[in-house]
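K.L.:
One structure follows; several queries about it will come next.
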Amino acid sequence: MKTMLHPNALVPLAVLCGALMALPAHAGRPLVVDDADVAEAGTGHVEAWYGRLTGRTNTWNVAPVFVVVDGLELGAALVRDTTAPATGSALQAKWRITPVQEHGCNLGASVGASHASHGGGNATFVNAIGTCNSDFGALHLNLGGNRASHGPTLGTWGVAVERAFDRITANLEAFGQRRSKPGFQAGLRTDIAPGLQIDGSMGRQERDTLFSVGFKKIY
């Protein structure tokens, strides 16, 4: 995840890429921080959500994902910033490097590129992912970087804990990027029908309140 922050000089790209990098790469909506697993080959899902980011920026997001072969997931995203207004898009590949451990840790990685309209330019990003599962729940760790066109490479990080309580799964996470203040967020998700999830999150970043609500459809 996510991965959500960029310096002020890159604000036109920051808002969009912040949302873009929070898409197929995390432990599923509503997390920003990614997990080190992918679904079974031949399956996929679509996530859609409204998000309010730093700077009181409102975005609408759609992100389809498909697992092409065992351990390899391809994702795309479209983000509409209604505050600017501006539009962004992204493509990403995520690889499960080691098998998932029910009680233990496994590794994954993702790489991708994004584009923002109205002078926002292009950016590339890479993320190393670790997940540890236990009876308590799951711990996700991210360490990566992103680079906007003609800009420096900025390191990113994230840590998240999630735990299931009957039909509801809750999460707490922190994430950030070099030269920016970290963000903190809590979220909930639950299934309301077979293959249909609803979710939401709330947090703080740069003295702003973060908020999102959305759904995920598995196919």
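Going through the structure tokens in order, the chains are called A, B, and so on, while each chain numbers its residues from 1 and the ligands are numbered from 1 in the order shown.
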Which residues of region 119-158 of chain A come within 8 Å of region 166-189 of chain A, and what is each one's closest atom pair and distance in Å (one decimal), counting only C-alpha atoms, sorted by chain and residue number, as a tab-separated table?
P.N.:
```
residue	atom	partner	partner_atom	distance
A:Leu154	CA	A:Arg178	CA	5.7
A:Gly155	CA	A:Arg178	CA	5.5
A:Thr156	CA	A:Gln177	CA	4.3
A:Trp157	CA	A:Gly176	CA	5.6
A:Gly158	CA	A:Phe175	CA	4.1
```
K.L.:
How many Å separate CA of Ser89 (chain A) from CA of Ala48 (chain A)?
P.N.:
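Separation of CA of Ser89 (chain A) and CA of Ala48 (chain A): 13.9 Å.
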K.L.:
When DSSP works through the backbone of this structure, what residues of region 1-205 of chain A end up as strand (DSSP E or B), shown as a PyMOL selection string?
P.N.:
chain A and resi 44-53+57-69+72-81+86-96+104-116+121-133+138-148+153-165+168-177+183-193+196-205
K.L.:
Nearest residue to Ala116 (chain A) out of A:Ser134, A:Ser149, A:Thr98, A:Thr54, using only C-alpha atoms?
P.N.:
A:Ser149
K.L.:
Would you kindly return, as a list in words, each protein, DNA or RNA residue with an atom no farther than 9 Å from any atom of Asn58 (chain A), considering only C-alpha atoms and excluding same-chain residues fewer than 5 positions away?
P.N.:
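That gives Tyr50, Gly51, Arg52, Leu53, Arg80, Asp81, Thr82, Thr83 and Ala84 of chain A.
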K.L.:
Would you write out those residues with C-alpha atoms, as a PDB file, in the first residue's frame?
P.N.:
```pdb
ATOM      1  CA  TYR A  50     -15.132   7.035  -3.146  1.00  0.00           C
ATOM      2  CA  GLY A  51     -12.141   8.509  -1.326  1.00  0.00           C
ATOM      3  CA  ARG A  52     -11.407  11.835   0.359  1.00  0.00           C
ATOM      4  CA  LEU A  53      -7.644  12.455   0.414  1.00  0.00           C
ATOM      5  CA  ARG A  80     -11.267  10.698 -11.242  1.00  0.00           C
ATOM      6  CA  ASP A  81     -10.344  13.679  -9.071  1.00  0.00           C
ATOM      7  CA  THR A  82     -13.486  15.828  -9.017  1.00  0.00           C
ATOM      8  CA  THR A  83     -11.792  18.604  -7.049  1.00  0.00           C
ATOM      9  CA  ALA A  84      -9.107  19.551  -9.601  1.00  0.00           C
TER      10      ALA A  84
END
```
K.L.:
Need the shell around Phe136 (chain A): protein/DNA/RNA residues with any atom at most 10 Å away, counting only C-alpha atoms. Skip same-chain ones fewer than 2 positions apart. Format as a ChimeraX atom specification?
P.N.:
/A:133-134,138-139,161-164
K.L.:
Write out as a PyMOL selection string which residues come within 9 Å of Val69 (chain A) when counting only C-alpha atoms, dropping same-chain ones fewer than 2 positions away.
P.N.:
chain A and resi 40-42+67+71-73
K.L.:
Choose the residue, out of A:Pro194, A:Gly151, A:Gly145, A:Gly108, that has the smallest atom-to-atom separation from Gly130 (chain A); count only C-alpha atoms.
P.N.:
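Under the stated criterion, the closest residue is A:Gly108.
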K.L.:
Could you give me the residues within region 6-166 of chain A that DSSP places in helix (DSSP H, G or I), as an MDAnalysis selection string?
P.N.:
chainID A and resid 8:20 54:56
K.L.:
Store the residues picked out above in a file with all heavy atoms, as a JSON list (two decimals), in the first residue's frame.
P.N.:
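Saved file result-v1.json follows:
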```json
[["chain", "number", "residue", "atom", "x", "y", "z"],
["A", 8, "ASN", "N", 5.07, 18.64, -2.01],
["A", 8, "ASN", "CA", 4.21, 19.65, -2.60],
["A", 8, "ASN", "C", 4.53, 19.93, -4.06],
["A", 8, "ASN", "O", 3.65, 20.29, -4.84],
["A", 8, "ASN", "CB", 4.30, 20.94, -1.79],
["A", 8, "ASN", "CG", 3.70, 20.78, -0.41],
["A", 8, "ASN", "OD1", 2.84, 19.96, -0.20],
["A", 8, "ASN", "ND2", 4.16, 21.57, 0.55],
["A", 9, "ALA", "N", 5.76, 19.79, -4.45],
["A", 9, "ALA", "CA", 6.14, 20.07, -5.84],
["A", 9, "ALA", "C", 5.49, 19.11, -6.81],
["A", 9, "ALA", "O", 5.41, 19.38, -8.01],
["A", 9, "ALA", "CB", 7.66, 19.99, -5.99],
["A", 10, "LEU", "N", 5.01, 17.97, -6.30],
["A", 10, "LEU", "CA", 4.41, 16.96, -7.18],
["A", 10, "LEU", "C", 2.92, 16.83, -6.92],
["A", 10, "LEU", "O", 2.32, 15.81, -7.25],
["A", 10, "LEU", "CB", 5.10, 15.61, -6.95],
["A", 10, "LEU", "CG", 6.58, 15.58, -7.27],
["A", 10, "LEU", "CD1", 7.14, 14.20, -6.92],
["A", 10, "LEU", "CD2", 6.86, 15.91, -8.71],
["A", 11, "VAL", "N", 2.30, 17.87, -6.37],
["A", 11, "VAL", "CA", 0.89, 17.77, -6.01],
["A", 11, "VAL", "C", -0.02, 17.37, -7.17],
["A", 11, "VAL", "O", -0.92, 16.55, -6.99],
["A", 11, "VAL", "CB", 0.40, 19.10, -5.39],
["A", 11, "VAL", "CG1", -1.12, 19.16, -5.36],
["A", 11, "VAL", "CG2", 0.95, 19.25, -3.98],
["A", 12, "PRO", "N", 0.15, 17.89, -8.41],
["A", 12, "PRO", "CA", -0.75, 17.46, -9.48],
["A", 12, "PRO", "C", -0.77, 15.95, -9.68],
["A", 12, "PRO", "O", -1.81, 15.37, -9.99],
["A", 12, "PRO", "CB", -0.19, 18.18, -10.71],
["A", 12, "PRO", "CG", 0.49, 19.37, -10.16],
["A", 12, "PRO", "CD", 1.10, 18.89, -8.87],
["A", 13, "LEU", "N", 0.39, 15.32, -9.51],
["A", 13, "LEU", "CA", 0.46, 13.86, -9.64],
["A", 13, "LEU", "C", 0.20, 13.16, -8.31],
["A", 13, "LEU", "O", -0.29, 12.04, -8.28],
["A", 13, "LEU", "CB", 1.84, 13.47, -10.16],
["A", 13, "LEU", "CG", 2.04, 12.00, -10.51],
["A", 13, "LEU", "CD1", 1.08, 11.60, -11.62],
["A", 13, "LEU", "CD2", 3.47, 11.76, -10.93],
["A", 14, "ALA", "N", 0.45, 13.88, -7.23],
["A", 14, "ALA", "CA", 0.35, 13.26, -5.92],
["A", 14, "ALA", "C", -1.06, 12.77, -5.61],
["A", 14, "ALA", "O", -1.25, 11.66, -5.15],
["A", 14, "ALA", "CB", 0.78, 14.25, -4.84],
["A", 15, "VAL", "N", -2.03, 13.63, -5.83],
["A", 15, "VAL", "CA", -3.41, 13.28, -5.48],
["A", 15, "VAL", "C", -3.85, 12.03, -6.21],
["A", 15, "VAL", "O", -4.42, 11.12, -5.63],
["A", 15, "VAL", "CB", -4.34, 14.46, -5.82],
["A", 15, "VAL", "CG1", -5.80, 14.04, -5.72],
["A", 15, "VAL", "CG2", -4.06, 15.63, -4.91],
["A", 16, "LEU", "N", -3.56, 11.98, -7.50],
["A", 16, "LEU", "CA", -4.00, 10.83, -8.29],
["A", 16, "LEU", "C", -3.18, 9.60, -7.98],
["A", 16, "LEU", "O", -3.72, 8.52, -7.77],
["A", 16, "LEU", "CB", -3.91, 11.17, -9.78],
["A", 16, "LEU", "CG", -4.88, 12.27, -10.19],
["A", 16, "LEU", "CD1", -4.64, 12.67, -11.63],
["A", 16, "LEU", "CD2", -6.31, 11.83, -10.01],
["A", 17, "CYS", "N", -1.88, 9.74, -7.92],
["A", 17, "CYS", "CA", -1.05, 8.56, -7.67],
["A", 17, "CYS", "C", -1.25, 8.04, -6.25],
["A", 17, "CYS", "O", -1.11, 6.86, -6.00],
["A", 17, "CYS", "CB", 0.41, 8.87, -7.92],
["A", 17, "CYS", "SG", 0.79, 9.06, -9.67],
["A", 18, "GLY", "N", -1.58, 8.94, -5.32],
["A", 18, "GLY", "CA", -1.88, 8.48, -3.98],
["A", 18, "GLY", "C", -3.03, 7.50, -4.00],
["A", 18, "GLY", "O", -3.00, 6.45, -3.37],
["A", 19, "ALA", "N", -4.07, 7.84, -4.74],
["A", 19, "ALA", "CA", -5.21, 6.93, -4.86],
["A", 19, "ALA", "C", -4.85, 5.72, -5.71],
["A", 19, "ALA", "O", -5.21, 4.59, -5.40],
["A", 19, "ALA", "CB", -6.39, 7.67, -5.47],
["A", 20, "LEU", "N", -4.12, 5.95, -6.79],
["A", 20, "LEU", "CA", -3.77, 4.87, -7.70],
["A", 20, "LEU", "C", -2.94, 3.81, -7.00],
["A", 20, "LEU", "O", -3.13, 2.60, -7.21],
["A", 20, "LEU", "CB", -2.99, 5.42, -8.89],
["A", 20, "LEU", "CG", -3.78, 6.26, -9.88],
["A", 20, "LEU", "CD1", -2.85, 6.95, -10.85],
["A", 20, "LEU", "CD2", -4.79, 5.42, -10.62],
["A", 54, "THR", "N", -5.89, 13.88, 1.27],
["A", 54, "THR", "CA", -5.35, 15.11, 1.81],
["A", 54, "THR", "C", -5.66, 16.28, 0.88],
["A", 54, "THR", "O", -5.84, 16.11, -0.32],
["A", 54, "THR", "CB", -3.83, 15.00, 1.99],
["A", 54, "THR", "OG1", -3.24, 14.61, 0.74],
["A", 54, "THR", "CG2", -3.48, 13.97, 3.05],
["A", 55, "GLY", "N", -5.72, 17.47, 1.45],
["A", 55, "GLY", "CA", -6.07, 18.63, 0.67],
["A", 55, "GLY", "C", -7.55, 18.70, 0.35],
["A", 55, "GLY", "O", -7.96, 19.43, -0.55],
["A", 56, "ARG", "N", -8.37, 17.91, 1.08],
["A", 56, "ARG", "CA", -9.82, 17.85, 0.86],
["A", 56, "ARG", "C", -10.14, 17.51, -0.60],
["A", 56, "ARG", "O", -11.04, 18.07, -1.21],
["A", 56, "ARG", "CB", -10.47, 19.18, 1.25],
["A", 56, "ARG", "CG", -10.27, 19.54, 2.72],
["A", 56, "ARG", "CD", -10.96, 20.82, 3.08],
["A", 56, "ARG", "NE", -10.77, 21.12, 4.51],
["A", 56, "ARG", "CZ", -11.26, 22.19, 5.12],
["A", 56, "ARG", "NH1", -11.98, 23.07, 4.42],
["A", 56, "ARG", "NH2", -11.04, 22.39, 6.41]]
```
K.L.:
With only C-alpha atoms as the atoms that count, which of A:Asp199, A:Asp37, A:Asp191, A:Asp70 lies nearest to Ser110 (chain A)?
P.N.:
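Checking each candidate against Ser110 (chain A), we get A:Asp37 as the closest.
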K.L.:
Rounded to one decimal, what separation in Å do you get between CA of Ile129 (chain A) and CA of Val38 (chain A)?
P.N.:
11.9 Å
K.L.:
Just give me the gap between CA of Gly112 (chain A) and CA of Lys217 (chain A) in Å, one decimal is fine.
P.N.:
22.7 Å
